[in-house]
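Chemist: Input file: start.txt. Contents: compact mmCIF, N, CA and C atoms.
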```txt
# COMPACT_ATOMS: atom_id res chain seq x y z
N MET A 22 107.18 83.49 82.86
CA MET A 22 106.45 84.38 82.00
C MET A 22 107.33 84.80 80.83
N ASP A 23 106.76 84.90 79.69
CA ASP A 23 107.47 85.34 78.50
C ASP A 23 107.65 86.85 78.54
N PRO A 24 108.89 87.35 78.37
CA PRO A 24 109.12 88.80 78.39
C PRO A 24 108.29 89.56 77.34
N ALA A 25 107.90 88.90 76.30
CA ALA A 25 107.08 89.55 75.27
C ALA A 25 105.68 89.89 75.80
N ASP A 26 105.29 89.29 76.93
CA ASP A 26 103.98 89.58 77.52
C ASP A 26 103.98 90.82 78.42
N LEU A 27 105.17 91.38 78.69
CA LEU A 27 105.25 92.57 79.54
C LEU A 27 104.71 93.80 78.79
N ASP A 28 103.96 94.63 79.50
CA ASP A 28 103.46 95.88 78.93
C ASP A 28 104.31 97.06 79.37
N ALA A 29 104.96 96.97 80.52
CA ALA A 29 105.79 98.06 81.02
C ALA A 29 106.87 97.51 81.94
N ILE A 30 108.01 98.21 81.95
CA ILE A 30 109.11 97.90 82.85
C ILE A 30 109.49 99.20 83.55
N ILE A 31 109.48 99.16 84.88
CA ILE A 31 109.84 100.33 85.67
C ILE A 31 111.06 99.98 86.50
N TYR A 32 112.11 100.77 86.34
CA TYR A 32 113.36 100.57 87.08
C TYR A 32 113.46 101.66 88.14
N VAL A 33 113.59 101.27 89.40
CA VAL A 33 113.67 102.22 90.50
C VAL A 33 115.10 102.74 90.62
N VAL A 34 115.26 104.04 90.46
CA VAL A 34 116.57 104.69 90.57
C VAL A 34 116.66 105.32 91.95
N GLN A 35 117.64 104.91 92.74
CA GLN A 35 117.81 105.47 94.08
C GLN A 35 118.73 106.68 94.08
N ARG A 36 119.72 106.66 93.22
CA ARG A 36 120.68 107.76 93.15
C ARG A 36 120.56 108.44 91.80
N ARG A 37 120.28 109.73 91.82
CA ARG A 37 120.17 110.48 90.57
C ARG A 37 121.56 110.64 89.97
N GLN A 38 121.72 110.25 88.74
CA GLN A 38 123.00 110.36 88.07
C GLN A 38 122.82 111.11 86.77
N VAL A 39 123.84 111.86 86.40
CA VAL A 39 123.78 112.61 85.15
C VAL A 39 124.92 112.10 84.29
N PRO A 40 124.71 111.69 83.07
CA PRO A 40 123.40 111.61 82.42
C PRO A 40 122.62 110.39 82.92
N LEU A 41 121.33 110.39 82.68
CA LEU A 41 120.51 109.24 83.07
C LEU A 41 121.01 107.98 82.39
N ARG A 42 120.89 106.89 83.06
CA ARG A 42 121.43 105.64 82.54
C ARG A 42 120.41 104.80 81.79
N TRP A 43 119.13 105.11 81.91
CA TRP A 43 118.07 104.39 81.21
C TRP A 43 118.17 102.88 81.40
N GLN A 44 118.29 102.47 82.66
CA GLN A 44 118.39 101.05 82.97
C GLN A 44 117.17 100.26 82.52
N SER A 45 116.00 100.87 82.57
CA SER A 45 114.77 100.17 82.17
C SER A 45 114.86 99.72 80.71
N ALA A 46 115.40 100.56 79.86
CA ALA A 46 115.55 100.20 78.44
C ALA A 46 116.57 99.08 78.28
N ARG A 47 117.62 99.14 79.07
CA ARG A 47 118.64 98.08 79.02
C ARG A 47 118.05 96.74 79.45
N VAL A 48 117.23 96.77 80.51
CA VAL A 48 116.59 95.55 80.99
C VAL A 48 115.63 95.01 79.93
N ALA A 49 114.85 95.89 79.33
CA ALA A 49 113.90 95.47 78.29
C ALA A 49 114.63 94.78 77.15
N CYS A 50 115.74 95.35 76.72
CA CYS A 50 116.53 94.76 75.64
C CYS A 50 117.12 93.42 76.06
N ALA A 51 117.68 93.36 77.26
CA ALA A 51 118.29 92.11 77.75
C ALA A 51 117.28 90.99 77.89
N LEU A 52 116.05 91.33 78.28
CA LEU A 52 115.01 90.31 78.44
C LEU A 52 114.41 89.87 77.10
N GLY A 53 114.57 90.70 76.08
CA GLY A 53 113.93 90.40 74.80
C GLY A 53 112.47 90.83 74.78
N ALA A 54 112.16 91.91 75.51
CA ALA A 54 110.79 92.42 75.54
C ALA A 54 110.42 92.99 74.17
N ARG A 55 109.12 93.19 73.96
CA ARG A 55 108.66 93.79 72.71
C ARG A 55 109.26 95.18 72.52
N GLU A 56 109.37 95.61 71.27
CA GLU A 56 109.92 96.93 71.00
C GLU A 56 109.02 98.04 71.50
N ASP A 57 107.73 97.79 71.65
CA ASP A 57 106.80 98.83 72.10
C ASP A 57 106.53 98.80 73.60
N VAL A 58 107.32 98.03 74.35
CA VAL A 58 107.12 98.00 75.81
C VAL A 58 107.45 99.38 76.38
N ALA A 59 106.64 99.85 77.32
CA ALA A 59 106.92 101.11 78.00
C ALA A 59 108.01 100.86 79.02
N ALA A 60 109.06 101.66 79.01
CA ALA A 60 110.18 101.48 79.94
C ALA A 60 110.49 102.82 80.58
N PHE A 61 110.48 102.84 81.93
CA PHE A 61 110.69 104.07 82.68
C PHE A 61 111.73 103.86 83.77
N ASP A 62 112.57 104.86 83.98
CA ASP A 62 113.40 104.93 85.18
C ASP A 62 112.71 105.94 86.08
N VAL A 63 112.41 105.55 87.32
CA VAL A 63 111.64 106.38 88.23
C VAL A 63 112.43 106.57 89.52
N PRO A 64 112.50 107.82 90.03
CA PRO A 64 113.26 108.08 91.25
C PRO A 64 112.52 107.64 92.52
N GLY A 65 112.87 106.49 93.04
CA GLY A 65 112.31 106.03 94.31
C GLY A 65 111.18 105.03 94.17
N THR A 66 111.08 104.19 95.18
CA THR A 66 110.08 103.12 95.20
C THR A 66 108.66 103.67 95.21
N ARG A 67 108.43 104.70 95.98
CA ARG A 67 107.08 105.27 96.07
C ARG A 67 106.59 105.77 94.71
N ALA A 68 107.46 106.44 93.98
CA ALA A 68 107.10 106.92 92.64
C ALA A 68 106.86 105.75 91.68
N ALA A 69 107.63 104.70 91.83
CA ALA A 69 107.46 103.53 90.96
C ALA A 69 106.10 102.88 91.17
N TRP A 70 105.69 102.72 92.43
CA TRP A 70 104.39 102.11 92.69
C TRP A 70 103.25 103.03 92.25
N GLY A 71 103.44 104.33 92.41
CA GLY A 71 102.43 105.28 91.94
C GLY A 71 102.28 105.21 90.43
N MET A 72 103.40 105.12 89.71
CA MET A 72 103.37 105.00 88.25
C MET A 72 102.72 103.68 87.84
N THR A 73 103.02 102.62 88.56
CA THR A 73 102.42 101.32 88.26
C THR A 73 100.90 101.37 88.39
N MET A 74 100.43 101.92 89.48
CA MET A 74 98.97 102.01 89.69
C MET A 74 98.31 102.91 88.64
N ALA A 75 98.99 103.99 88.25
CA ALA A 75 98.44 104.89 87.23
C ALA A 75 98.36 104.19 85.87
N LEU A 76 99.36 103.40 85.56
CA LEU A 76 99.36 102.68 84.27
C LEU A 76 98.29 101.61 84.21
N ARG A 77 97.94 101.05 85.36
CA ARG A 77 97.01 99.92 85.38
C ARG A 77 95.57 100.33 85.68
N THR A 78 95.21 101.56 85.41
CA THR A 78 93.84 102.01 85.65
C THR A 78 92.88 101.29 84.71
N PRO A 79 91.63 101.10 85.14
CA PRO A 79 90.65 100.43 84.29
C PRO A 79 90.53 101.11 82.93
N GLY A 80 90.43 100.31 81.91
CA GLY A 80 90.30 100.84 80.55
C GLY A 80 91.63 101.00 79.83
N GLU A 81 92.73 100.91 80.55
CA GLU A 81 94.04 101.00 79.92
C GLU A 81 94.48 99.62 79.45
N SER A 82 95.39 99.59 78.48
CA SER A 82 95.83 98.31 77.92
C SER A 82 97.00 97.71 78.69
N VAL A 83 97.52 98.40 79.69
CA VAL A 83 98.65 97.90 80.47
C VAL A 83 98.15 96.91 81.51
N ARG A 84 98.59 95.65 81.38
CA ARG A 84 98.15 94.61 82.30
C ARG A 84 99.30 94.01 83.10
N ARG A 85 100.51 94.00 82.54
CA ARG A 85 101.65 93.37 83.21
C ARG A 85 102.81 94.36 83.31
N VAL A 86 103.20 94.69 84.55
CA VAL A 86 104.27 95.65 84.79
C VAL A 86 105.35 94.97 85.64
N LEU A 87 106.58 95.06 85.20
CA LEU A 87 107.72 94.55 85.95
C LEU A 87 108.40 95.73 86.63
N VAL A 88 108.47 95.70 87.97
CA VAL A 88 109.12 96.76 88.75
C VAL A 88 110.42 96.19 89.31
N ILE A 89 111.53 96.85 89.02
CA ILE A 89 112.85 96.37 89.42
C ILE A 89 113.51 97.40 90.32
N GLU A 90 114.00 96.93 91.47
CA GLU A 90 114.75 97.79 92.39
C GLU A 90 116.08 97.11 92.63
N ALA A 91 117.15 97.69 92.08
CA ALA A 91 118.44 97.04 92.17
C ALA A 91 119.55 97.96 92.65
N GLU A 92 119.24 99.21 92.93
CA GLU A 92 120.26 100.16 93.36
C GLU A 92 120.12 100.47 94.84
N GLY A 93 121.18 100.33 95.58
CA GLY A 93 121.20 100.73 96.97
C GLY A 93 120.42 99.84 97.91
N THR A 94 119.97 98.69 97.44
CA THR A 94 119.18 97.82 98.30
C THR A 94 120.00 96.67 98.87
N GLY A 95 121.21 96.49 98.37
CA GLY A 95 122.01 95.35 98.81
C GLY A 95 121.69 94.11 98.00
N ARG A 96 120.39 93.85 97.80
CA ARG A 96 119.96 92.71 97.00
C ARG A 96 118.93 93.19 95.99
N PRO A 97 119.17 92.94 94.71
CA PRO A 97 118.18 93.33 93.71
C PRO A 97 116.85 92.60 93.93
N SER A 98 115.75 93.26 93.62
CA SER A 98 114.45 92.62 93.69
C SER A 98 113.61 93.05 92.52
N ALA A 99 112.67 92.21 92.16
CA ALA A 99 111.76 92.53 91.06
C ALA A 99 110.37 92.03 91.44
N SER A 100 109.37 92.79 91.04
CA SER A 100 107.98 92.41 91.29
C SER A 100 107.22 92.48 89.98
N LEU A 101 106.43 91.46 89.71
CA LEU A 101 105.56 91.46 88.54
C LEU A 101 104.16 91.76 89.02
N ILE A 102 103.60 92.84 88.51
CA ILE A 102 102.22 93.19 88.85
C ILE A 102 101.38 92.82 87.65
N SER A 103 100.46 91.91 87.83
CA SER A 103 99.67 91.37 86.74
C SER A 103 98.27 91.06 87.22
N ASP A 104 97.33 91.03 86.27
CA ASP A 104 95.97 90.63 86.65
C ASP A 104 95.73 89.19 86.39
```
As C-alpha cells - that is how I would like this structure written.
Modeler:
Amino acid sequence: MDPADLDAIIYVVQRRQVPLRWQSARVACALGAREDVAAFDVPGTRAAWGMTMALRTPGESVRRVLVIEAEGTGRPSASLISD
C-alpha cells in the first residue's frame, strides 16, 4: 500500500514519557505519508482501537488507519484497518 493512501496513523504508547515523543508524526514522516495525515500517540492498545473505530464512523472521510504497537511488546506490530 502506498503511504500516501493512509488517512490516520495511531502509535500505541505503553509508557508515558515527558515530554511526549510524538512517534506517530515520526512514523508518518519516515513513511512519506501526506502532510494532512492524522497522527496520534495514544496510551494503550484499548484506547488505540477505540480511536480507530471512532475515526472510521460512517460518513467520515477516514478509510485507512495504520495502528502501530512497538513499545513494551518485545516485537513491534502494525495493523492496517481499511475498507
Chemist: Rounded to one decimal place, report the CA of Ser82 in chain A-atom N of Asp57 in chain A distance in Å.
Modeler: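 Distance between the two atoms: 13.5 Å.
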Chemist: With all atoms of range 75-89 of chain A from the file as input, state the centre and edge lengths in Å to one decimal of the axis-aligned box that has 8 Å extra on each side, as lines of an AutoDock Vina configuration file.
Modeler:
```
center_x = 101.9
center_y = 99.1
center_z = 84.1
size_x = 39.2
size_y = 27.5
size_z = 28.4
```
Chemist: Restricting the calculation to only C-alpha atoms: of A:Glu90, A:Glu81, A:Asp28, A:Asp62, which residue gets closest to Ser103 in chain A?
Modeler: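 So, comparing all the options, the nearest one is A:Asp28.
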Chemist: Give the strand (DSSP E) residues of chain A, as DSSP finds them on the backbone, and put them as a PyMOL selection string.
Modeler: chain A and resi 29-34+59-64+86-90+98-102
Chemist: Tell me which of A:Ala59, A:Ile102, A:Leu52, A:Ala91 sits closest to Ile30 in chain A, counting only N, CA and C atoms.
Modeler: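 Of A:Ala59, A:Ile102, A:Leu52, A:Ala91, the one nearest Ile30 in chain A is A:Ala59, counting only N, CA and C atoms.
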Chemist: Counting only N, CA and C atoms, which residue out of A:Met74, A:Ala54, A:Arg42, A:Arg47 sits closest to Ala25 in chain A?
Modeler: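 Comparing A:Met74, A:Ala54, A:Arg42, A:Arg47 against Ala25 in chain A, the winner is A:Ala54.
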Chemist: Please list, as a ChimeraX atom specification, the residues that have an atom at most 8 Å away from (105.0, 101.2, 87.8) in the coordinates of this file, counting only N, CA and C atoms.
Modeler: /A:29-32,68-77,86-89
Chemist: Could you please determine the separation between atom C of Leu101 in chain A and atom N of Asp26 in chain A in Å, to one decimal place?
Modeler: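 One can read the atom C of Leu101 in chain A to atom N of Asp26 in chain A distance as 12.4 Å.
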Chemist: Measure the distance from CA of Pro79 in chain A to CA of Gln35 in chain A in Å and round it to one decimal.
Modeler: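 It comes out at 29.3 Å.
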Chemist: When DSSP works through the backbone of this structure, what residues of range 33-89 of chain A end up as alpha helix (DSSP H), shown as a list in words?
Modeler: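 Alpha helix (DSSP H) members of range 33-89 of chain A, listed: Gln44, Ser45, Ala46, Arg47, Val48, Ala49, Cys50, Ala51, Leu52, Thr66, Arg67, Ala68, Ala69, Trp70, Gly71, Met72, Thr73, Met74, Ala75 and Leu76 of chain A.
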Chemist: Restricting the calculation to all atoms listed in the file: of A:Ala99, A:Asp104, A:Val83, A:Phe61, which residue gets closest to Trp43 in chain A?
Modeler: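 Nearest to Trp43 in chain A: A:Phe61.
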Chemist: Taking only C-alpha atoms into account, name the residue in A:Pro24, A:Thr78, A:Pro64, A:Val34 that is nearest to Cys50 in chain A.
Modeler: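 Among the listed residues, the smallest separation from Cys50 in chain A belongs to A:Pro24.
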Chemist: Given all atoms listed in the file as the basis, pick out the residue of A:Gly80, A:Arg85, A:Val48, A:Val33 nearest to Val63 in chain A.
Modeler: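 Looking only at the distances to Val63 in chain A, the closest residue turns out to be A:Val33.
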